[in-house]
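Data file: target-v5.csv. Format and content: CSV, C-alpha atoms and all ligand atoms.
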chain,number,residue,atom,x,y,z
A,1,MET,CA,84.9,28.9,42.9
A,2,LYS,CA,83.4,25.4,42.8
A,3,ASP,CA,85.5,22.3,41.9
A,4,ILE,CA,85.0,21.7,38.2
A,5,LEU,CA,85.2,17.9,38.6
A,6,THR,CA,81.9,18.2,40.5
A,7,ALA,CA,80.2,20.1,37.7
A,8,PRO,CA,77.1,18.4,36.3
A,9,PHE,CA,78.4,18.8,32.7
A,10,VAL,CA,81.7,17.1,33.5
A,11,LYS,CA,80.0,14.3,35.3
A,12,GLU,CA,77.5,13.9,32.4
A,13,MET,CA,80.4,13.7,29.9
A,14,CYS,CA,82.1,11.1,32.1
A,15,ASP,CA,78.9,9.0,32.4
A,16,THR,CA,78.0,9.2,28.7
A,17,THR,CA,81.5,8.3,27.4
A,18,ALA,CA,81.7,5.4,29.9
A,19,ASN,CA,78.3,4.1,28.9
A,20,MET,CA,79.1,4.3,25.2
A,21,TYR,CA,82.4,2.5,25.8
A,22,ARG,CA,80.6,-0.2,27.8
A,23,LEU,CA,78.2,-0.7,24.9
A,24,GLY,CA,81.2,-1.4,22.6
A,25,TRP,CA,80.4,1.5,20.3
A,26,ASP,CA,83.6,3.5,20.9
A,27,GLU,CA,86.7,1.3,20.6
A,28,ARG,CA,90.1,2.9,21.1
A,29,ASN,CA,89.8,6.6,20.2
A,30,GLY,CA,86.6,6.1,18.3
A,31,GLY,CA,83.8,8.6,18.8
A,32,ASN,CA,83.7,12.2,20.0
A,33,ILE,CA,81.2,14.5,21.8
A,34,SER,CA,80.7,18.2,21.9
A,35,TYR,CA,78.3,19.9,24.3
A,36,MET,CA,77.5,23.6,24.4
A,37,LEU,CA,77.6,25.0,27.9
A,38,ASP,CA,75.9,27.9,29.5
A,39,GLU,CA,78.5,30.7,30.2
A,40,GLU,CA,77.0,31.5,33.7
A,41,GLU,CA,77.2,27.9,34.7
A,42,VAL,CA,80.8,27.5,33.6
A,43,ALA,CA,81.7,30.7,35.4
A,44,GLN,CA,80.8,29.0,38.7
A,45,TYR,CA,83.7,26.6,38.2
A,46,LEU,CA,86.3,28.5,36.0
A,47,ASP,CA,87.6,32.0,35.6
A,48,ILE,CA,86.3,32.4,32.0
A,49,ASN,CA,88.6,35.3,31.3
A,50,HIS,CA,91.7,33.1,31.9
A,51,VAL,CA,92.7,31.5,28.5
A,52,LEU,CA,95.2,28.7,28.9
A,53,ARG,CA,96.0,28.3,25.2
A,54,GLU,CA,94.7,29.3,21.9
A,55,ILE,CA,94.3,26.6,19.2
A,56,PRO,CA,93.3,27.3,15.6
A,57,THR,CA,90.3,25.3,14.4
A,58,GLY,CA,91.0,25.5,10.7
A,59,PHE,CA,87.6,26.8,9.8
A,60,LYS,CA,85.3,29.7,10.5
A,61,ALA,CA,82.3,29.4,12.9
A,62,ASP,CA,81.0,32.9,13.0
A,63,ALA,CA,77.6,31.8,14.4
A,64,LEU,CA,79.4,30.3,17.4
A,65,ILE,CA,81.6,33.2,18.5
A,66,GLY,CA,81.7,33.4,22.3
A,67,ARG,CA,80.0,30.0,22.7
A,68,ILE,CA,81.6,27.6,25.1
A,69,PHE,CA,81.8,23.8,24.5
A,70,ILE,CA,83.1,20.8,26.4
A,71,VAL,CA,84.7,18.5,23.8
A,72,THR,CA,86.4,15.1,23.9
A,73,GLY,CA,90.1,15.2,23.0
A,74,THR,CA,91.8,14.0,19.9
A,75,GLY,CA,93.4,10.6,20.2
A,76,LYS,CA,91.7,10.1,23.6
A,77,TYR,CA,89.8,7.0,24.6
A,78,PHE,CA,86.2,7.1,25.8
A,79,LYS,CA,87.3,4.3,28.1
A,80,ASN,CA,89.6,6.7,30.0
A,81,VAL,CA,87.5,9.8,30.3
A,82,LYS,CA,85.9,8.9,33.7
A,83,THR,CA,89.2,8.3,35.5
A,84,ASP,CA,91.0,11.3,34.0
A,85,PRO,CA,88.6,14.0,32.7
A,86,GLU,CA,91.1,16.8,32.7
A,87,ASN,CA,93.3,15.0,30.2
A,88,ASN,CA,90.6,13.6,28.0
A,89,LEU,CA,88.2,16.5,27.9
A,90,GLY,CA,88.6,20.2,27.2
A,91,ILE,CA,86.5,23.3,27.6
A,92,ILE,CA,86.9,25.7,24.7
A,93,ARG,CA,85.4,29.1,23.7
A,94,ILE,CA,85.2,30.2,20.1
A,95,ALA,CA,87.1,33.5,19.9
A,96,GLU,CA,86.1,36.8,18.2
A,97,ASP,CA,87.8,35.8,15.0
A,98,GLY,CA,85.5,32.7,14.7
A,99,THR,CA,88.5,30.5,13.9
A,100,THR,CA,90.4,30.2,17.2
A,101,ALA,CA,89.4,28.0,20.1
A,102,GLN,CA,90.4,29.4,23.5
A,103,LEU,CA,91.2,26.6,25.9
A,104,LEU,CA,89.7,27.4,29.3
A,105,TRP,CA,90.2,24.0,31.0
A,106,GLY,CA,91.5,20.5,30.1
A,107,TYR,CA,93.7,18.8,27.5
A,108,LYS,CA,96.1,18.9,30.3
A,109,ASP,CA,98.9,16.9,28.6
A,110,GLY,CA,99.1,19.5,25.8
A,111,GLY,CA,96.4,17.8,23.6
A,112,LYS,CA,93.6,19.3,21.8
A,113,PHE,CA,90.0,18.8,20.7
A,114,THR,CA,88.7,16.0,18.5
A,115,SER,CA,89.9,15.8,14.9
A,116,GLU,CA,86.2,15.9,14.0
A,117,LEU,CA,85.7,19.4,15.4
A,118,PRO,CA,84.7,20.7,11.9
A,119,ALA,CA,81.8,18.2,11.7
A,120,HIS,CA,80.8,19.0,15.3
A,121,LEU,CA,80.8,22.8,15.1
A,122,MET,CA,79.3,22.9,11.7
A,123,SER,CA,76.6,20.5,12.9
A,124,HIS,CA,75.9,22.7,15.9
A,125,MET,CA,75.5,25.7,13.6
A,126,ALA,CA,73.1,23.8,11.3
A,127,ARG,CA,71.0,22.4,14.1
A,128,LEU,CA,70.8,25.8,15.9
A,129,SER,CA,69.5,27.3,12.7
A,130,VAL,CA,66.5,25.0,12.9
A,131,ASP,CA,66.3,24.3,16.7
A,132,LYS,CA,67.6,27.0,19.0
A,133,ASP,CA,67.7,24.6,21.9
A,134,ASN,CA,70.2,22.2,20.4
A,135,ARG,CA,73.2,21.7,22.6
A,136,VAL,CA,74.8,18.4,21.9
A,137,VAL,CA,76.5,16.6,19.0
A,138,ILE,CA,77.7,13.0,19.4
A,139,HIS,CA,79.7,10.9,17.0
A,140,SER,CA,80.0,7.1,17.6
A,141,HIS,CA,80.6,3.7,15.9
A,142,PRO,CA,77.7,1.6,17.1
A,143,THR,CA,78.2,-2.0,16.1
A,144,ASN,CA,74.9,-3.0,14.5
A,145,THR,CA,74.3,0.3,12.8
A,146,LEU,CA,77.7,-0.1,11.2
A,147,ALA,CA,77.1,-3.7,10.3
A,148,MET,CA,73.8,-2.7,8.6
A,149,ASN,CA,75.7,-0.3,6.3
A,150,TYR,CA,77.3,-3.4,4.6
A,151,VAL,CA,74.1,-5.3,3.9
A,152,HIS,CA,71.4,-2.7,3.5
A,153,GLU,CA,71.0,-0.2,0.6
A,154,LEU,CA,72.3,3.2,1.7
A,155,ASP,CA,69.2,5.1,0.6
A,156,GLU,CA,67.8,7.5,3.2
A,157,LYS,CA,64.2,6.5,2.6
A,158,LYS,CA,64.8,2.8,2.5
A,159,PHE,CA,67.2,2.7,5.4
A,160,THR,CA,64.9,4.8,7.6
A,161,HIS,CA,61.9,2.7,6.7
A,162,THR,CA,63.7,-0.5,7.6
A,163,LEU,CA,64.7,1.0,11.0
A,164,TRP,CA,61.1,2.2,11.6
A,165,GLU,CA,59.9,-1.4,10.9
A,166,MET,CA,62.3,-2.9,13.5
A,167,CYS,CA,60.9,-1.4,16.8
A,168,THR,CA,57.5,0.0,17.4
A,169,GLU,CA,58.7,3.3,18.9
A,170,CYS,CA,61.3,4.1,16.2
A,171,ILE,CA,59.0,6.4,14.2
A,172,VAL,CA,58.2,8.3,17.4
A,173,VAL,CA,61.8,8.7,18.5
A,174,PHE,CA,63.2,9.7,15.1
A,175,PRO,CA,60.2,10.8,13.0
A,176,ASP,CA,62.6,13.0,10.9
A,177,GLY,CA,64.4,9.8,9.8
A,178,VAL,CA,68.1,9.2,9.3
A,179,GLY,CA,70.3,11.0,6.7
A,180,ILE,CA,73.1,9.2,5.0
A,181,LEU,CA,76.4,10.4,3.6
A,182,PRO,CA,78.4,8.1,1.3
A,183,TRP,CA,81.9,7.0,2.5
A,184,MET,CA,84.0,10.1,2.8
A,185,LEU,CA,87.4,10.9,4.3
A,186,CYS,CA,86.8,11.8,8.0
A,187,GLY,CA,88.4,14.6,10.0
A,188,THR,CA,88.1,17.1,7.1
A,189,ASN,CA,86.1,20.3,6.6
A,190,GLU,CA,84.4,18.6,3.6
A,191,ILE,CA,82.8,15.9,5.6
A,192,GLY,CA,81.9,18.6,8.2
A,193,GLU,CA,80.2,20.6,5.6
A,194,ALA,CA,78.3,17.6,4.2
A,195,THR,CA,77.3,16.5,7.7
A,196,ALA,CA,76.0,20.0,8.5
A,197,GLU,CA,74.0,20.1,5.3
A,198,LYS,CA,72.2,16.9,6.3
A,199,MET,CA,71.8,18.2,9.9
A,200,LYS,CA,69.5,20.9,8.6
A,201,GLU,CA,67.0,18.1,7.8
A,202,PHE,CA,68.0,15.2,10.2
A,203,ARG,CA,69.1,14.9,13.8
A,204,LEU,CA,70.8,11.6,12.8
A,205,VAL,CA,73.3,11.3,10.0
A,206,ILE,CA,75.1,8.0,9.1
A,207,TRP,CA,78.6,8.2,7.8
A,208,ALA,CA,78.7,5.1,5.5
A,209,MET,CA,80.9,2.3,6.8
A,210,HIS,CA,82.1,4.6,9.6
A,211,GLY,CA,79.5,5.5,12.2
A,212,ILE,CA,76.8,7.9,13.1
A,213,TYR,CA,76.2,11.5,14.2
A,214,GLY,CA,73.4,12.5,16.4
A,215,ALA,CA,72.3,15.9,17.7
A,216,GLY,CA,69.9,17.0,20.4
A,217,LYS,CA,69.1,19.2,23.4
A,218,THR,CA,70.8,17.1,26.0
A,219,LEU,CA,73.4,14.4,26.3
A,220,ASP,CA,70.7,12.0,27.4
A,221,GLU,CA,68.4,12.8,24.5
A,222,THR,CA,71.2,12.6,21.9
A,223,PHE,CA,72.5,9.3,23.3
A,224,GLY,CA,69.0,8.0,23.3
A,225,LEU,CA,68.5,8.8,19.7
A,226,ILE,CA,71.6,6.9,18.7
A,227,GLU,CA,70.7,4.1,21.1
A,228,THR,CA,67.3,3.7,19.5
A,229,VAL,CA,68.8,3.5,15.9
A,230,GLU,CA,71.4,1.0,17.2
A,231,LYS,CA,68.6,-1.2,18.8
A,232,ALA,CA,66.6,-1.2,15.6
A,233,ALA,CA,69.8,-2.0,13.6
A,234,GLN,CA,70.4,-4.9,16.0
A,235,ILE,CA,67.0,-6.4,15.4
A,236,TYR,CA,67.6,-6.0,11.7
A,237,MET,CA,71.0,-7.8,11.8
A,238,LEU,CA,69.4,-10.6,14.0
A,239,THR,CA,66.7,-11.1,11.4
A,240,ALA,CA,68.4,-10.2,8.1
A,241,GLY,CA,68.5,-13.3,5.8
A,242,LEU,CA,65.8,-15.0,7.7
A,243,GLU,CA,62.3,-15.4,6.4
A,244,ARG,CA,60.3,-12.4,7.8
A,245,LYS,CA,56.8,-13.6,8.8
A,246,ASN,CA,55.6,-10.4,10.5
A,247,THR,CA,56.4,-6.7,10.3
A,248,ILE,CA,55.2,-3.3,11.5
A,249,LYS,CA,53.1,-2.0,8.6
A,250,ASP,CA,53.1,1.5,7.2
A,251,GLU,CA,49.5,1.9,8.5
A,252,ASP,CA,50.7,1.0,12.0
A,253,MET,CA,53.4,3.6,11.7
A,254,ILE,CA,50.9,6.3,10.8
A,255,LYS,CA,48.8,5.3,13.8
A,256,LEU,CA,51.8,5.7,16.1
A,257,ALA,CA,52.8,9.0,14.6
A,258,GLU,CA,49.3,10.4,14.9
A,259,PHE,CA,48.8,9.1,18.4
A,260,PHE,CA,52.1,10.5,19.7
A,261,LYS,CA,51.6,13.7,17.5
A,262,VAL,CA,55.0,13.6,15.8
A,263,ASP,CA,55.7,15.3,12.5
A,264,TYR,CA,57.2,12.4,10.5
A,265,ARG,CA,58.7,12.1,7.1
A,266,LYS,CA,55.5,11.0,5.2
A,267,ASP,CA,57.6,10.6,2.0
A,268,PHE,CA,59.6,7.9,3.8
A,269,LEU,CA,56.5,5.6,3.9
A,270,ASN,CA,55.5,3.5,1.0
A,271,ILE,CA,51.8,4.4,1.2
A,301,LIG,O1,88.0,10.6,16.7
A,301,LIG,O2,85.8,8.5,15.6
A,301,LIG,O3,85.9,9.8,13.2
A,301,LIG,C1,87.8,9.3,16.3
A,301,LIG,C2,86.8,9.1,15.3
A,301,LIG,C3,87.0,9.8,14.0
A,302,ZN,ZN,84.6,8.0,13.9
Translate the structure described by the file into C-alpha cells.
Amino acid sequence: MKDILTAPFVKEMCDTTANMYRLGWDERNGGNISYMLDEEEVAQYLDINHVLREIPTGFKADALIGRIFIVTGTGKYFKNVKTDPENNLGIIRIAEDGTTAQLLWGYKDGGKFTSELPAHLMSHMARLSVDKDNRVVIHSHPTNTLAMNYVHELDEKKFTHTLWEMCTECIVVFPDGVGILPWMLCGTNEIGEATAEKMKEFRLVIWAMHGIYGAGKTLDETFGLIETVEKAAQIYMLTAGLERKNTIKDEDMIKLAEFFKVDYRKDFLNI
C-alpha cells in the first residue's frame, strides 16, 4: 500500500487550499472543497473495505451511492490543511442507504465533513446529470466577488454581463454565466437544494453576501473558474464609481465566443 500523504489527490487538496488561503479568500474556517475520487486510485493507498466511522449526512444522495470523495472538515481552516492533512481532510464513501458517509481516512481528531456537505453533494448530483465528467465542487469567499454583491444588482443577466465586460476572456471562461441565490441561511439542506437547482444551468453560483460555488472536472479548472470571476470582480471594484471611458462591447463578446467556439448565454447580452 502506498503512503496516502503522497497521493496526488491529497497533494492537490493541500495545494489548492493553501493557494486559496494565500489569496485571502478563505479566512478562518471559510470555504470548503469536495472532490470525487476514482475508487481504483484510492485503493492504491487505503483498504477501502475498512470503514473507520459512519457519519449520517442528514439527506439522501442516491445518485452518489458508492462514490468516494475527499472533503474538507467542518470548522477546519484552509490555512492548516497543508501541514496537517489527516486532521483537516477526510475521505468518505456514500453508503448503500444514500444517507450515511463511511469514513475511510482523515478527520483524525474525531471531526467530520464540512457543514456545507448538502450543497456540495447535491451540486455534484446536479452537475453530473448534465456533465458526467464533473468531479469537483469548491465553495469560497473571494473578496472582490463578495464586495461586488453589495454594490451591483443581484440579477444573473446583469451581473454576468458586467463580469464579461471586465476582462476579455471572461465570456470564454464562463460562457454559461453566473447564477445567483439571494441571501439564505447556509449549512442547510434548503440552500443545498437551491444551489443544486442553479448548478443544472451554471457552473458558478453566487450566494449573495456570502461567497461563491464553482464546479468542474478538476481542482485546477474549478479554481480557475472562481479565480476568473474574482479577477473580473476586482476590476469592477477598482473602477466602480469612476467614469467609464471604454468597455468591451457586446459585439466584441460575440466575436470572442464565436472565435473560441463556446456556447454562451446569448440572452445575457443586450443585443
Ligand atoms: O464552512 O464557508 O459556508 C465554512 C463556510 C460555510
Ligand atoms: Zn461560506
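A straight line drawn from atom CA of A:Gly111 to atom CA of A:Asn134 is 26.8 Å long.
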task: Calculate how many Å separate atom CA of A:Gly187 from atom CA of A:Asp133, rounding to one decimal.
output: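 Rounded to one decimal, the two atoms are 25.9 Å apart.
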Take the point (85.2, 17.5, 36.7) in the file's coordinates, draw a sphere of radius 12 Å around it, and report as a short mmCIF file (atom, residue, chain, number, x, y, z; two decimals) with C-alpha atoms, keeping the file's coordinate frame every protein, DNA or RNA residue with an atom inside or on it, counting only C-alpha atoms.
data_model
loop_
_atom_site.label_atom_id
_atom_site.label_comp_id
_atom_site.auth_asym_id
_atom_site.auth_seq_id
_atom_site.Cartn_x
_atom_site.Cartn_y
_atom_site.Cartn_z
CA LYS A 2 83.40 25.40 42.80
CA ASP A 3 85.50 22.30 41.90
CA ILE A 4 85.00 21.70 38.20
CA LEU A 5 85.20 17.90 38.60
CA THR A 6 81.90 18.20 40.50
CA ALA A 7 80.20 20.10 37.70
CA PRO A 8 77.10 18.40 36.30
CA PHE A 9 78.40 18.80 32.70
CA VAL A 10 81.70 17.10 33.50
CA LYS A 11 80.00 14.30 35.30
CA GLU A 12 77.50 13.90 32.40
CA MET A 13 80.40 13.70 29.90
CA CYS A 14 82.10 11.10 32.10
CA ASP A 15 78.90 9.00 32.40
CA VAL A 42 80.80 27.50 33.60
CA TYR A 45 83.70 26.60 38.20
CA LEU A 46 86.30 28.50 36.00
CA ILE A 70 83.10 20.80 26.40
CA VAL A 81 87.50 9.80 30.30
CA LYS A 82 85.90 8.90 33.70
CA THR A 83 89.20 8.30 35.50
CA ASP A 84 91.00 11.30 34.00
CA PRO A 85 88.60 14.00 32.70
CA GLU A 86 91.10 16.80 32.70
CA ASN A 87 93.30 15.00 30.20
CA ASN A 88 90.60 13.60 28.00
CA LEU A 89 88.20 16.50 27.90
CA GLY A 90 88.60 20.20 27.20
CA ILE A 91 86.50 23.30 27.60
CA TRP A 105 90.20 24.00 31.00
CA GLY A 106 91.50 20.50 30.10
#
message: Need the shell around A:Lys198: protein/DNA/RNA residues with any atom at most 12 Å away, counting all atoms listed in the file. Skip same-chain ones fewer than 4 positions apart. Format as a list in words?
response: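 My list of contacting residues is Ala119, Met122, Ser123, His124, Met125, Ala126, Arg127, Val130, Glu156, Asp176, Gly177, Val178, Gly179, Ile180, Leu181, Pro182, Ile191, Gly192, Glu193, Ala194, Phe202, Arg203, Leu204, Val205, Ile206, Trp207, Tyr213, Gly214 and Ala215 of chain A.
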Please dump the current selection as a short mmCIF file (atom, residue, chain, number, x, y, z; two decimals), in the frame of the given file; keep C-alpha atoms.
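Printed below is part_36.cif as written:
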data_model
loop_
_atom_site.label_atom_id
_atom_site.label_comp_id
_atom_site.auth_asym_id
_atom_site.auth_seq_id
_atom_site.Cartn_x
_atom_site.Cartn_y
_atom_site.Cartn_z
CA ALA A 119 81.80 18.20 11.70
CA MET A 122 79.30 22.90 11.70
CA SER A 123 76.60 20.50 12.90
CA HIS A 124 75.90 22.70 15.90
CA MET A 125 75.50 25.70 13.60
CA ALA A 126 73.10 23.80 11.30
CA ARG A 127 71.00 22.40 14.10
CA VAL A 130 66.50 25.00 12.90
CA GLU A 156 67.80 7.50 3.20
CA ASP A 176 62.60 13.00 10.90
CA GLY A 177 64.40 9.80 9.80
CA VAL A 178 68.10 9.20 9.30
CA GLY A 179 70.30 11.00 6.70
CA ILE A 180 73.10 9.20 5.00
CA LEU A 181 76.40 10.40 3.60
CA PRO A 182 78.40 8.10 1.30
CA ILE A 191 82.80 15.90 5.60
CA GLY A 192 81.90 18.60 8.20
CA GLU A 193 80.20 20.60 5.60
CA ALA A 194 78.30 17.60 4.20
CA PHE A 202 68.00 15.20 10.20
CA ARG A 203 69.10 14.90 13.80
CA LEU A 204 70.80 11.60 12.80
CA VAL A 205 73.30 11.30 10.00
CA ILE A 206 75.10 8.00 9.10
CA TRP A 207 78.60 8.20 7.80
CA TYR A 213 76.20 11.50 14.20
CA GLY A 214 73.40 12.50 16.40
CA ALA A 215 72.30 15.90 17.70
#
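Take atom CA of A:Val229 and atom CA of A:Val151: the distance between them is 15.8 Å.
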- prompt: For ligand LIG 301 (chain A), which residue out of A:Gly110, A:Gly224, A:Gly73, A:Gly66 is the nearest one, using all atoms listed in the file?
  reply: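 Of all the options, A:Gly73 lies closest to ligand LIG 301 (chain A).
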field: Pick from A:Met1, A:Val262, A:Met20, A:Ile92 nearest to A:Thr114, counting only C-alpha atoms
entry: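 Looking at the shortest contact to A:Thr114, the residue is A:Ile92.
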message: As a quick test: using all atoms listed in the file, which residues lie no more than 8 Å away from ligand LIG 301 (chain A)? Give them as number ranges by chain.
response: A: 26, 29-32, 74-76, 114-116, 139-141, 186-187, 210-211
task: Rank nothing, just name the residue among A:Asp252, A:Asp109, A:Asp62, A:Glu153 nearest to A:Leu121, using all atoms listed in the file.
output: A:Asp62
From A:Lys255, A:Lys249, A:Lys132, A:Lys60, residue lying nearest A:Glu96 [only C-alpha atoms]: A:Lys60
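Each of A:Arg22, A:Arg265, A:Lys200, A:Lys245 was checked against A:Leu128 using only C-alpha atoms; the smallest atom-to-atom distance is that of A:Lys200.
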- request: Can you pull out every residue within 6 Å of A:Thr143, counting all atoms listed in the file, but drop anything in the same chain fewer than 2 positions away, and send it as a VMD selection string?
  value: chain A and resid 25 145 to 146
Distance criterion (all atoms listed in the file): nearest to ligand ZN 302 (chain A) out of A:His161, A:Arg53, A:His120, A:His152: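 Ranked by minimum distance to ligand ZN 302 (chain A), first place goes to A:His120.
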Please identify all polymer residues within 9 Å of A:Val136, counting all atoms listed in the file, omitting same-chain residues fewer than 3 positions from it, and present them as a PDB file with C-alpha atoms, in the frame of the given file.
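Output file out04.pdb follows:
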ATOM      1  CA  ILE A  33      81.200  14.500  21.800  1.00  0.00           C
ATOM      2  CA  SER A  34      80.700  18.200  21.900  1.00  0.00           C
ATOM      3  CA  TYR A  35      78.300  19.900  24.300  1.00  0.00           C
ATOM      4  CA  MET A  36      77.500  23.600  24.400  1.00  0.00           C
ATOM      5  CA  HIS A 120      80.800  19.000  15.300  1.00  0.00           C
ATOM      6  CA  HIS A 124      75.900  22.700  15.900  1.00  0.00           C
ATOM      7  CA  GLY A 214      73.400  12.500  16.400  1.00  0.00           C
ATOM      8  CA  ALA A 215      72.300  15.900  17.700  1.00  0.00           C
ATOM      9  CA  GLY A 216      69.900  17.000  20.400  1.00  0.00           C
ATOM     10  CA  LYS A 217      69.100  19.200  23.400  1.00  0.00           C
ATOM     11  CA  THR A 218      70.800  17.100  26.000  1.00  0.00           C
ATOM     12  CA  LEU A 219      73.400  14.400  26.300  1.00  0.00           C
ATOM     13  CA  GLU A 221      68.400  12.800  24.500  1.00  0.00           C
ATOM     14  CA  THR A 222      71.200  12.600  21.900  1.00  0.00           C
TER      15      THR A 222
END
task: Within 12 Å of (67.7, -8.6, 6.0) (coordinates as in the file), grab all the protein and nucleic acid residues, counting all atoms listed in the file, and write them out as number ranges by chain.
output: A: 147-153, 159, 162-163, 165-166, 233-244
Using the partial input, fill out stretch 36-44 of chain A with all heavy atoms; write the result as a short mmCIF file (atom, residue, chain, number, x, y, z; two decimals), keeping the file's coordinate frame.
data_model
loop_
_atom_site.label_atom_id
_atom_site.label_comp_id
_atom_site.auth_asym_id
_atom_site.auth_seq_id
_atom_site.Cartn_x
_atom_site.Cartn_y
_atom_site.Cartn_z
N MET A 36 77.47 22.14 24.14
CA MET A 36 77.50 23.60 24.40
C MET A 36 77.06 23.91 25.78
O MET A 36 76.01 23.43 26.23
CB MET A 36 76.58 24.30 23.36
CG MET A 36 76.73 25.80 23.39
SD MET A 36 75.42 26.60 22.46
CE MET A 36 75.92 26.21 20.83
N LEU A 37 77.86 24.73 26.46
CA LEU A 37 77.60 25.00 27.90
C LEU A 37 77.07 26.43 28.06
O LEU A 37 77.31 27.32 27.24
CB LEU A 37 78.86 24.82 28.70
CG LEU A 37 79.53 23.44 28.59
CD1 LEU A 37 80.83 23.43 29.41
CD2 LEU A 37 78.59 22.33 29.07
N ASP A 38 76.43 26.61 29.18
CA ASP A 38 75.90 27.90 29.50
C ASP A 38 77.06 28.70 30.24
O ASP A 38 77.65 28.21 31.20
CB ASP A 38 74.74 27.70 30.51
CG ASP A 38 74.17 28.99 31.01
OD1 ASP A 38 73.95 29.87 30.18
OD2 ASP A 38 73.96 29.10 32.23
N GLU A 39 77.35 29.91 29.73
CA GLU A 39 78.50 30.70 30.20
C GLU A 39 78.41 30.91 31.74
O GLU A 39 79.38 30.78 32.47
CB GLU A 39 78.57 32.01 29.49
CG GLU A 39 79.80 32.83 29.85
CD GLU A 39 79.83 34.17 29.12
OE1 GLU A 39 79.92 34.17 27.89
OE2 GLU A 39 79.76 35.20 29.81
N GLU A 40 77.19 31.25 32.21
CA GLU A 40 77.00 31.50 33.70
C GLU A 40 77.32 30.29 34.49
O GLU A 40 77.90 30.38 35.58
CB GLU A 40 75.63 32.03 33.94
CG GLU A 40 75.48 33.49 33.61
CD GLU A 40 74.04 33.96 33.69
OE1 GLU A 40 73.26 33.38 34.47
OE2 GLU A 40 73.71 34.91 32.97
N GLU A 41 76.93 29.15 33.98
CA GLU A 41 77.20 27.90 34.70
C GLU A 41 78.69 27.62 34.76
O GLU A 41 79.24 27.29 35.81
CB GLU A 41 76.42 26.74 34.10
CG GLU A 41 76.45 25.52 35.01
CD GLU A 41 75.70 24.32 34.48
OE1 GLU A 41 75.15 24.37 33.38
OE2 GLU A 41 75.69 23.31 35.21
N VAL A 42 79.35 27.79 33.61
CA VAL A 42 80.80 27.50 33.60
C VAL A 42 81.53 28.47 34.51
O VAL A 42 82.49 28.07 35.19
CB VAL A 42 81.34 27.68 32.12
CG1 VAL A 42 82.85 27.46 32.08
CG2 VAL A 42 80.64 26.72 31.17
N ALA A 43 81.06 29.72 34.60
CA ALA A 43 81.70 30.70 35.40
C ALA A 43 81.67 30.39 36.94
O ALA A 43 82.43 30.97 37.73
CB ALA A 43 81.10 32.09 35.17
N GLN A 44 80.82 29.46 37.30
CA GLN A 44 80.80 29.00 38.70
C GLN A 44 82.01 28.14 39.03
O GLN A 44 82.36 27.94 40.19
CB GLN A 44 79.54 28.22 39.01
CG GLN A 44 78.26 29.02 38.88
CD GLN A 44 77.04 28.11 39.06
OE1 GLN A 44 77.12 27.07 39.68
NE2 GLN A 44 75.92 28.53 38.50
#
